[in-house]
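Enquirer: What follows is the file target33.pdb, containing PDB, C-alpha atoms:
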ATOM      1  CA  MET C1500       5.002  68.919 111.991
ATOM      2  CA  SER C1501       4.400  65.195 112.221
ATOM      3  CA  GLY C1502       6.696  64.802 109.256
ATOM      4  CA  THR C1503       9.616  66.355 111.095
ATOM      5  CA  GLN C1504       8.790  64.303 114.183
ATOM      6  CA  ALA C1505       8.856  61.134 112.131
ATOM      7  CA  PHE C1506      12.122  62.237 110.616
ATOM      8  CA  ARG C1507      13.586  62.806 114.048
ATOM      9  CA  ARG C1508      12.399  59.471 115.277
ATOM     10  CA  TRP C1509      13.891  57.535 112.383
ATOM     11  CA  ARG C1510      16.938  59.732 111.784
ATOM     12  CA  PHE C1511      19.270  57.414 113.724
ATOM     13  CA  LEU C1512      18.800  54.785 111.015
ATOM     14  CA  PHE C1513      20.878  56.868 108.627
ATOM     15  CA  THR C1514      23.938  57.292 110.808
ATOM     16  CA  PRO C1515      27.055  55.551 109.430
ATOM     17  CA  ARG C1516      26.983  52.977 112.221
ATOM     18  CA  TRP C1517      23.415  51.949 111.450
ATOM     19  CA  LEU C1518      23.961  52.053 107.700
ATOM     20  CA  GLY C1519      26.766  49.563 108.283
ATOM     21  CA  TRP C1520      24.387  47.322 110.219
ATOM     22  CA  HIS C1521      21.748  47.590 107.465
ATOM     23  CA  PHE C1522      24.336  46.562 104.934
ATOM     24  CA  LEU C1523      25.474  43.648 107.098
ATOM     25  CA  VAL C1524      21.910  42.400 107.547
ATOM     26  CA  ILE C1525      21.062  42.669 103.853
ATOM     27  CA  ALA C1526      24.302  40.942 102.860
ATOM     28  CA  SER C1527      23.805  38.141 105.380
ATOM     29  CA  VAL C1528      20.177  37.597 104.317
ATOM     30  CA  ILE C1529      21.218  37.360 100.662
ATOM     31  CA  GLY C1530      24.026  35.025 101.690
ATOM     32  CA  MET C1531      21.664  32.797 103.670
ATOM     33  CA  LEU C1532      19.156  32.609 100.820
ATOM     34  CA  TRP C1533      22.002  31.728  98.460
ATOM     35  CA  LEU C1534      23.171  28.983 100.825
ATOM     36  CA  GLY C1535      19.606  27.654 101.000
ATOM     37  CA  ASP C1536      19.440  27.560  97.210
ATOM     38  CA  TRP C1537      22.790  25.788  97.119
ATOM     39  CA  GLN C1538      21.562  23.180  99.604
ATOM     40  CA  LEU C1539      18.385  22.728  97.558
ATOM     41  CA  ARG C1540      20.473  21.961  94.472
ATOM     42  CA  ARG C1541      22.584  19.533  96.501
ATOM     43  CA  ALA C1542      19.450  17.903  97.889
ATOM     44  CA  GLU C1543      17.956  17.525  94.437
ATOM     45  CA  SER C1544      21.137  15.877  93.226
ATOM     46  CA  GLY C1545      20.777  13.151  95.845
ATOM     47  CA  ASN C1546      22.249  14.442  99.130
ATOM     48  CA  ALA C1547      19.459  13.552 101.559
ATOM     49  CA  LEU C1548      21.022  15.492 104.449
ATOM     50  CA  SER C1549      20.773  18.717 102.483
ATOM     51  CA  TRP C1550      16.982  18.733 102.782
ATOM     52  CA  ALA C1551      17.296  19.782 106.431
ATOM     53  CA  TYR C1552      19.578  22.668 105.525
ATOM     54  CA  THR C1553      17.407  23.587 102.556
ATOM     55  CA  PHE C1554      14.745  24.661 105.037
ATOM     56  CA  GLU C1555      17.099  25.849 107.733
ATOM     57  CA  TRP C1556      18.881  28.556 105.758
ATOM     58  CA  PRO C1557      15.727  30.395 104.612
ATOM     59  CA  LEU C1558      14.471  30.101 108.204
ATOM     60  CA  PHE C1559      17.647  31.792 109.437
ATOM     61  CA  ALA C1560      17.168  34.486 106.789
ATOM     62  CA  ILE C1561      13.625  35.098 108.046
ATOM     63  CA  PHE C1562      14.955  35.233 111.616
ATOM     64  CA  ALA C1563      17.512  37.835 110.585
ATOM     65  CA  VAL C1564      14.873  40.060 108.967
ATOM     66  CA  PHE C1565      12.465  39.666 111.876
ATOM     67  CA  PHE C1566      15.158  40.313 114.508
ATOM     68  CA  TRP C1567      16.343  43.349 112.600
ATOM     69  CA  ILE C1568      12.863  44.875 112.386
ATOM     70  CA  LYS C1569      12.358  44.251 116.103
ATOM     71  CA  THR C1570      15.683  45.865 116.990
ATOM     72  CA  ILE C1571      14.904  48.963 114.930
ATOM     73  CA  ARG C1572      11.405  49.277 116.376
ATOM     74  CA  ASP C1573      12.745  48.967 119.919
ATOM     75  CA  GLU C1574      15.277  51.672 119.226
ATOM     76  CA  ALA C1575      12.700  54.010 117.675
ATOM     77  CA  HIS C1576      10.101  53.572 120.432
ATOM     78  CA  PRO C1577      12.036  53.440 123.691
ATOM     79  CA  GLU C1578       9.033  54.609 125.692
ATOM     80  CA  GLU C1579       6.930  51.546 124.885
ATOM     81  CA  GLU C1580       9.095  49.173 126.875
ATOM     82  CA  ALA C1581      10.024  51.590 129.613
ATOM     83  CA  GLY C1582       6.691  51.080 131.391
ATOM     84  CA  PRO C1583       4.817  53.590 133.538
ATOM     85  CA  ALA C1584       7.212  53.464 136.480
ATOM     86  CA  PRO C1585       9.894  56.109 135.799
ATOM     87  CA  GLU C1586       7.750  59.134 134.975
ATOM     88  CA  VAL C1587       4.930  58.587 137.447
ATOM     89  CA  SER C1588       6.690  57.267 140.514
ATOM     90  CA  LEU C1589       9.398  59.915 140.795
ATOM     91  CA  PRO C1590       7.211  63.004 141.298
ATOM     92  CA  ALA C1591       4.570  61.052 143.244
ATOM     93  CA  GLY C1592       7.169  59.579 145.585
ATOM     94  CA  ALA C1593       8.890  62.930 146.021
ATOM     95  CA  ARG C1594       5.590  64.546 146.951
ATOM     96  CA  GLN C1595       4.378  61.780 149.235
ATOM     97  CA  ALA C1596       7.391  61.477 151.516
ATOM     98  CA  PRO C1597       7.521  65.035 152.835
ATOM     99  CA  GLY C1598       3.789  65.637 152.160
ATOM    100  CA  GLY C1599       2.713  62.773 154.405
ATOM    101  CA  ALA C1600       4.686  64.153 157.318
ATOM    102  CA  GLY C1601       3.625  67.718 156.604
ATOM    103  CA  LEU C1602      -0.075  66.895 156.367
ATOM    104  CA  ALA C1603       0.007  65.072 159.682
ATOM    105  CA  ASP C1604       1.292  68.242 161.298
ATOM    106  CA  GLY C1605      -1.637  70.144 159.819
ATOM    107  CA  GLU C1606       0.090  72.567 157.474
ATOM    108  CA  PRO C1607      -1.030  71.554 154.011
ATOM    109  CA  THR C1608      -0.711  75.049 152.509
ATOM    110  CA  GLY C1609       2.031  77.592 152.423
ATOM    111  CA  PRO C1610       5.000  78.713 150.343
ATOM    112  CA  GLU C1611       6.808  75.416 150.896
ATOM    113  CA  ASP C1612       4.088  73.499 149.032
ATOM    114  CA  ASP C1613       4.290  75.856 146.075
ATOM    115  CA  GLU C1614       8.025  75.479 146.099
ATOM    116  CA  LEU C1615       7.696  71.725 146.370
ATOM    117  CA  ALA C1616       5.145  71.581 143.564
ATOM    118  CA  ALA C1617       7.374  73.690 141.342
ATOM    119  CA  TYR C1618      10.320  71.497 142.174
ATOM    120  CA  ASN C1619       8.319  68.358 141.433
ATOM    121  CA  ALA C1620       7.165  69.788 138.122
ATOM    122  CA  TYR C1621      10.790  70.553 137.373
ATOM    123  CA  LEU C1622      11.780  66.991 138.254
ATOM    124  CA  ALA C1623       8.984  65.580 136.117
ATOM    125  CA  ARG C1624      10.055  67.732 133.178
ATOM    126  CA  LEU C1625      13.660  66.670 133.605
ATOM    127  CA  SER C1626      12.768  62.996 133.785
ATOM    128  CA  LYS C1627      10.618  63.380 130.679
ATOM    129  CA  GLU C1628      13.429  65.077 128.799
ATOM    130  CA  VAL C1629      16.052  62.587 129.853
ATOM    131  CA  LYS C1630      13.814  59.594 129.289
ATOM    132  CA  GLY C1631      15.253  57.223 126.726
ATOM    133  CA  HIS C1632      18.656  58.881 126.752
ATOM    134  CA  GLY C1633      21.417  56.517 127.721
ATOM    135  CA  ARG C1634      19.222  53.552 127.092
ATOM    136  CA  TRP C1635      21.848  52.270 124.698
ATOM    137  CA  HIS C1636      24.807  54.331 125.761
ATOM    138  CA  GLY C1637      24.616  53.480 129.413
ATOM    139  CA  LEU C1638      24.402  49.762 128.831
ATOM    140  CA  ARG C1639      27.145  49.502 126.270
TER     141      ARG C1639
ATOM    142  CA  MET Q1115      13.314  37.781 132.537
ATOM    143  CA  ARG Q1116      14.728  35.260 135.009
ATOM    144  CA  LEU Q1117      13.216  32.375 133.054
ATOM    145  CA  ASN Q1118      14.651  33.790 129.853
ATOM    146  CA  VAL Q1119      18.111  34.009 131.434
ATOM    147  CA  ILE Q1120      17.898  30.420 132.661
ATOM    148  CA  LEU Q1121      16.726  29.175 129.262
ATOM    149  CA  TYR Q1122      19.476  31.131 127.570
ATOM    150  CA  ARG Q1123      22.175  29.670 129.802
ATOM    151  CA  VAL Q1124      20.867  26.138 129.292
ATOM    152  CA  MET Q1125      20.735  26.589 125.520
ATOM    153  CA  ALA Q1126      24.159  28.238 125.436
ATOM    154  CA  TYR Q1127      25.767  25.291 127.196
ATOM    155  CA  VAL Q1128      23.829  22.575 125.349
ATOM    156  CA  THR Q1129      24.479  24.170 121.952
ATOM    157  CA  GLY Q1130      28.128  24.777 122.838
ATOM    158  CA  VAL Q1131      28.729  21.193 123.985
ATOM    159  CA  VAL Q1132      27.021  19.729 120.906
ATOM    160  CA  LEU Q1133      29.067  22.029 118.679
ATOM    161  CA  ILE Q1134      32.326  20.883 120.302
ATOM    162  CA  VAL Q1135      31.239  17.235 119.902
ATOM    163  CA  LEU Q1136      30.475  18.018 116.272
ATOM    164  CA  CYS Q1137      33.941  19.496 115.754
ATOM    165  CA  VAL Q1138      35.672  16.521 117.383
ATOM    166  CA  LEU Q1139      33.649  14.150 115.192
ATOM    167  CA  ALA Q1140      34.419  16.196 112.097
ATOM    168  CA  ILE Q1141      38.145  16.003 112.840
ATOM    169  CA  MET Q1142      37.874  12.259 113.487
ATOM    170  CA  GLN Q1143      35.997  11.878 110.232
ATOM    171  CA  ALA Q1144      39.079  13.015 108.365
ATOM    172  CA  PHE Q1145      40.845   9.891 109.621
ATOM    173  CA  THR Q1146      38.035   7.320 109.660
ATOM    174  CA  ASN Q1147      35.961   8.391 106.634
ATOM    175  CA  ASP Q1148      32.767   7.569 108.512
ATOM    176  CA  GLY Q1149      30.516  10.571 108.006
ATOM    177  CA  GLY Q1150      27.178   9.245 109.283
ATOM    178  CA  LEU Q1151      27.540  10.409 112.874
ATOM    179  CA  VAL Q1152      28.859  13.807 111.826
ATOM    180  CA  ASN Q1153      25.788  14.380 109.670
ATOM    181  CA  THR Q1154      23.448  13.394 112.499
ATOM    182  CA  VAL Q1155      25.143  15.616 115.065
ATOM    183  CA  GLY Q1156      25.330  18.420 112.493
ATOM    184  CA  THR Q1157      21.577  18.293 111.977
ATOM    185  CA  VAL Q1158      21.020  18.175 115.739
ATOM    186  CA  HIS Q1159      23.184  21.256 116.172
ATOM    187  CA  GLY Q1160      21.212  23.010 113.423
ATOM    188  CA  GLY Q1161      17.973  22.368 115.288
ATOM    189  CA  LEU Q1162      19.479  23.362 118.631
ATOM    190  CA  TYR Q1163      20.768  26.580 117.113
ATOM    191  CA  ILE Q1164      17.251  27.495 115.989
ATOM    192  CA  ILE Q1165      16.054  27.071 119.589
ATOM    193  CA  TYR Q1166      19.103  28.984 120.817
ATOM    194  CA  LEU Q1167      18.183  31.890 118.534
ATOM    195  CA  LEU Q1168      14.576  31.844 119.713
ATOM    196  CA  VAL Q1169      15.791  32.110 123.323
ATOM    197  CA  ALA Q1170      18.768  34.438 122.857
ATOM    198  CA  PHE Q1171      17.026  37.091 120.785
ATOM    199  CA  PRO Q1172      14.219  37.856 123.268
ATOM    200  CA  LEU Q1173      16.913  38.032 125.948
ATOM    201  CA  SER Q1174      18.893  40.533 123.881
ATOM    202  CA  ARG Q1175      15.752  42.693 123.617
ATOM    203  CA  ARG Q1176      15.057  42.445 127.344
ATOM    204  CA  LEU Q1177      18.640  43.443 128.099
ATOM    205  CA  ARG Q1178      18.332  46.223 125.511
ATOM    206  CA  LEU Q1179      21.589  45.305 123.868
ATOM    207  CA  SER Q1180      22.894  47.475 121.071
ATOM    208  CA  PRO Q1181      23.386  45.780 117.684
ATOM    209  CA  ALA Q1182      27.016  44.699 118.224
ATOM    210  CA  PRO Q1183      26.470  42.597 121.380
ATOM    211  CA  THR Q1184      23.215  41.311 119.877
ATOM    212  CA  VAL Q1185      24.976  39.996 116.785
ATOM    213  CA  ALA Q1186      27.769  38.539 118.924
ATOM    214  CA  LEU Q1187      25.190  36.838 121.143
ATOM    215  CA  LEU Q1188      23.295  35.336 118.200
ATOM    216  CA  LEU Q1189      26.354  34.207 116.234
ATOM    217  CA  ALA Q1190      27.987  32.648 119.315
ATOM    218  CA  GLY Q1191      25.999  29.461 118.732
ATOM    219  CA  THR Q1192      27.847  28.815 115.461
ATOM    220  CA  VAL Q1193      31.447  29.281 116.600
ATOM    221  CA  PRO Q1194      33.049  26.498 118.679
ATOM    222  CA  VAL Q1195      33.650  27.431 122.350
ATOM    223  CA  MET Q1196      32.269  30.918 121.644
ATOM    224  CA  THR Q1197      28.973  30.269 123.464
ATOM    225  CA  PHE Q1198      30.838  29.829 126.740
ATOM    226  CA  ILE Q1199      32.907  32.991 126.295
ATOM    227  CA  VAL Q1200      29.960  35.103 125.194
ATOM    228  CA  GLU Q1201      27.753  33.690 127.957
ATOM    229  CA  ARG Q1202      30.327  34.772 130.552
ATOM    230  CA  ARG Q1203      30.792  38.234 129.091
ATOM    231  CA  ILE Q1204      27.083  38.856 128.597
ATOM    232  CA  SER Q1205      26.448  37.653 132.143
ATOM    233  CA  HIS Q1206      29.070  39.948 133.646
ATOM    234  CA  ARG Q1207      28.220  43.048 131.667
ATOM    235  CA  TYR Q1208      24.472  42.817 131.116
ATOM    236  CA  ILE Q1209      22.619  39.967 132.814
ATOM    237  CA  ASP Q1210      23.947  40.427 136.360
ATOM    238  CA  PRO Q1211      23.275  44.193 136.460
ATOM    239  CA  ALA Q1212      19.838  43.666 134.913
ATOM    240  CA  LEU Q1213      18.916  40.986 137.438
ATOM    241  CA  ALA Q1214      20.233  43.130 140.274
ATOM    242  CA  ALA Q1215      18.004  45.977 139.091
ATOM    243  CA  LEU Q1216      14.881  43.797 139.097
ATOM    244  CA  PRO Q1217      12.510  44.963 141.840
ATOM    245  CA  GLU Q1218      11.744  41.482 143.144
ATOM    246  CA  PRO Q1219      13.465  40.957 146.479
ATOM    247  CA  PRO Q1220      10.319  39.830 148.386
ATOM    248  CA  PRO Q1221       9.713  36.547 146.461
ATOM    249  CA  ALA Q1222      13.437  35.772 146.502
ATOM    250  CA  ALA Q1223      13.572  36.318 150.257
ATOM    251  CA  ALA Q1224      10.482  34.164 150.780
ATOM    252  CA  ALA Q1225      11.952  31.388 148.667
ATOM    253  CA  SER Q1226      15.236  31.354 150.587
TER     254      SER Q1226
END
What is this file in structure tokens?

Expert:
Amino acid sequence: MSGTQAFRRWRFLFTPRWLGWHFLVIASVIGMLWLGDWQLRRAESGNALSWAYTFEWPLFAIFAVFFWIKTIRDEAHPEEEAGPAPEVSLPAGARQAPGGAGLADGEPTGPEDDELAAYNAYLARLSKEVKGHGRWHGLR
Amino acid sequence: MRLNVILYRVMAYVTGVVLIVLCVLAIMQAFTNDGGLVNTVGTVHGGLYIIYLLVAFPLSRRLRLSPAPTVALLLAGTVPVMTFIVERRISHRYIDPALAALPEPPPAAAAS
């Protein structure tokens, strides 16, 4: 069960678009390490300026790897950054607004409350299902 | 978020200006054969670009950019004039909507 869940969570990494990005990152990291090695050889042969770039290129390669891991993790765990607001506030707010007025009138029970509760549960379920969808698509 | 946007804009313009200066110097070097200044400015741009990356990447995560805009944002600091173009486009498409969605009108109203 958890195996299939993990597969679902990471499945997006194997779409053609993401495979292309993986390839780009790997190629650029190899390229940056190669450039760093090249600068090291230049530095050793007397080009003092190359020492700066000798350390800069591997640093950029590390950046690329780190940024890539972060991007993938963000994509795989959209709920971590979403915060508590969307799921909690929607049903609570929906219940409070009419409930506050209704309670003041002294009719806390009745078929309307059941209907309202069912509707709120429905809203909560919808928001849970939709959560994370469009996180990337909507902002593109 | 706001601080990150401000830092990003500052770094985008500083890095972009230094890169243009570097290009002008590099072109002049072809005529004067004096490479000392080019090397200095080149190293400065290298250091600035590291800072630019450290500012731009967290911003790209906060804006939840997909890989393509993220790569464009990060590489902008290496292409002359590109920082200005990318800064404008990112601002229009991502930063302005994200800032507008921030639930912080009370402090802004109190400040103004």

Enquirer: Please, which residues are within 12 Å of (14.7, 43.1, 121.5) by the file's coordinates, counting only C-alpha atoms, and could they come as a count of residues only?

Expert: 32

Enquirer: State, in Å with one decimal place, the distance from atom CA of Thr1197 of chain Q to atom CA of Tyr1163 of chain Q.

Expert: 11.0 Å

Enquirer: To one decimal place in Å, what is the distance between atom CA of Val1124 of chain Q and atom CA of Leu1167 of chain Q?

Expert: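 Interatomic distance, atom CA of Val1124 of chain Q to atom CA of Leu1167 of chain Q: 12.5 Å.
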
Enquirer: Return the single residue from C:Ala1505, C:Ala1526, C:Leu1532, C:Ala1563 that is closest to chain Q, with distances computed using all atoms listed in the file.

Expert: C:Ala1563

Enquirer: Hey, can you check how far atom CA of Arg1203 of chain Q sits from atom CA of Thr1514 of chain C?

Expert: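 Between atom CA of Arg1203 of chain Q and atom CA of Thr1514 of chain C the gap works out to 27.3 Å.
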
Enquirer: Determine the nearest neighbour of chain Q from the options C:Val1524, C:Ala1616, C:Leu1622, C:Leu1539, counting all atoms listed in the file.

Expert: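 Of the candidates, the smallest distance to chain Q is held by C:Val1524.
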
Enquirer: I would like the residues chosen by the PyMOL selection byres ((chain C and resi 1549) around 10) on the shown file; could you give them as number ranges by chain?

Expert: C: 1535, 1537-1548, 1550-1555; Q: 1153, 1157

Enquirer: For C-alpha atoms, I'd like the residues from the last selection saved as a compact mmCIF listing (two decimals), keeping the file's coordinate frame.

Expert:
# COMPACT_ATOMS: atom_id res chain seq x y z
CA GLY C 1535 19.61 27.65 101.00
CA TRP C 1537 22.79 25.79 97.12
CA GLN C 1538 21.56 23.18 99.60
CA LEU C 1539 18.39 22.73 97.56
CA ARG C 1540 20.47 21.96 94.47
CA ARG C 1541 22.58 19.53 96.50
CA ALA C 1542 19.45 17.90 97.89
CA GLU C 1543 17.96 17.52 94.44
CA SER C 1544 21.14 15.88 93.23
CA GLY C 1545 20.78 13.15 95.84
CA ASN C 1546 22.25 14.44 99.13
CA ALA C 1547 19.46 13.55 101.56
CA LEU C 1548 21.02 15.49 104.45
CA TRP C 1550 16.98 18.73 102.78
CA ALA C 1551 17.30 19.78 106.43
CA TYR C 1552 19.58 22.67 105.52
CA THR C 1553 17.41 23.59 102.56
CA PHE C 1554 14.74 24.66 105.04
CA GLU C 1555 17.10 25.85 107.73
CA ASN Q 1153 25.79 14.38 109.67
CA THR Q 1157 21.58 18.29 111.98

Enquirer: The PyMOL selection byres ((chain C and resi 1560) around 9) on the file shown: which residues, as an NGL selection string?

Expert: :C and (1527-1532 or 1555-1559 or 1561-1565)

Enquirer: Once the PyMOL selection byres ((chain Q and resi 1212) around 12) is applied to the coordinates I shared, what remains selected? I want it as a list in words.

Expert: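 So the PyMOL selection byres ((chain Q and resi 1212) around 12), applied here, picks out Leu1638 of chain C; Met1115, Arg1116, Val1119, Leu1173, Ser1174, Arg1176, Leu1177, Arg1178, Leu1179, Ile1204, Ser1205, His1206, Arg1207, Tyr1208, Ile1209, Asp1210, Pro1211, Leu1213, Ala1214, Ala1215, Leu1216, Pro1217 and Glu1218 of chain Q.
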
Enquirer: Find the spatial neighbours of Gly1156 of chain Q, counting all atoms listed in the file, within a cut-off of 12 Å - ignore same-chain residues fewer than 6 positions away - and output them as a PyMOL selection string.

Expert: (chain C and resi 1548-1549+1551-1552) or (chain Q and resi 1129+1132-1140+1149-1150+1162-1163+1192)

Enquirer: Ranking Q:Phe1145, Q:Ala1182, Q:Gly1130, Q:Phe1198 by minimum distance to chain C and counting all atoms listed in the file, which one comes first?

Expert: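 With all atoms listed in the file as the atom set, the closest residue is Q:Ala1182.
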
Enquirer: For chain C, which residue among Q:Ala1126, Q:Leu1188, Q:Ala1144, Q:Val1131 is the nearest when counting all atoms listed in the file?

Expert: Q:Leu1188
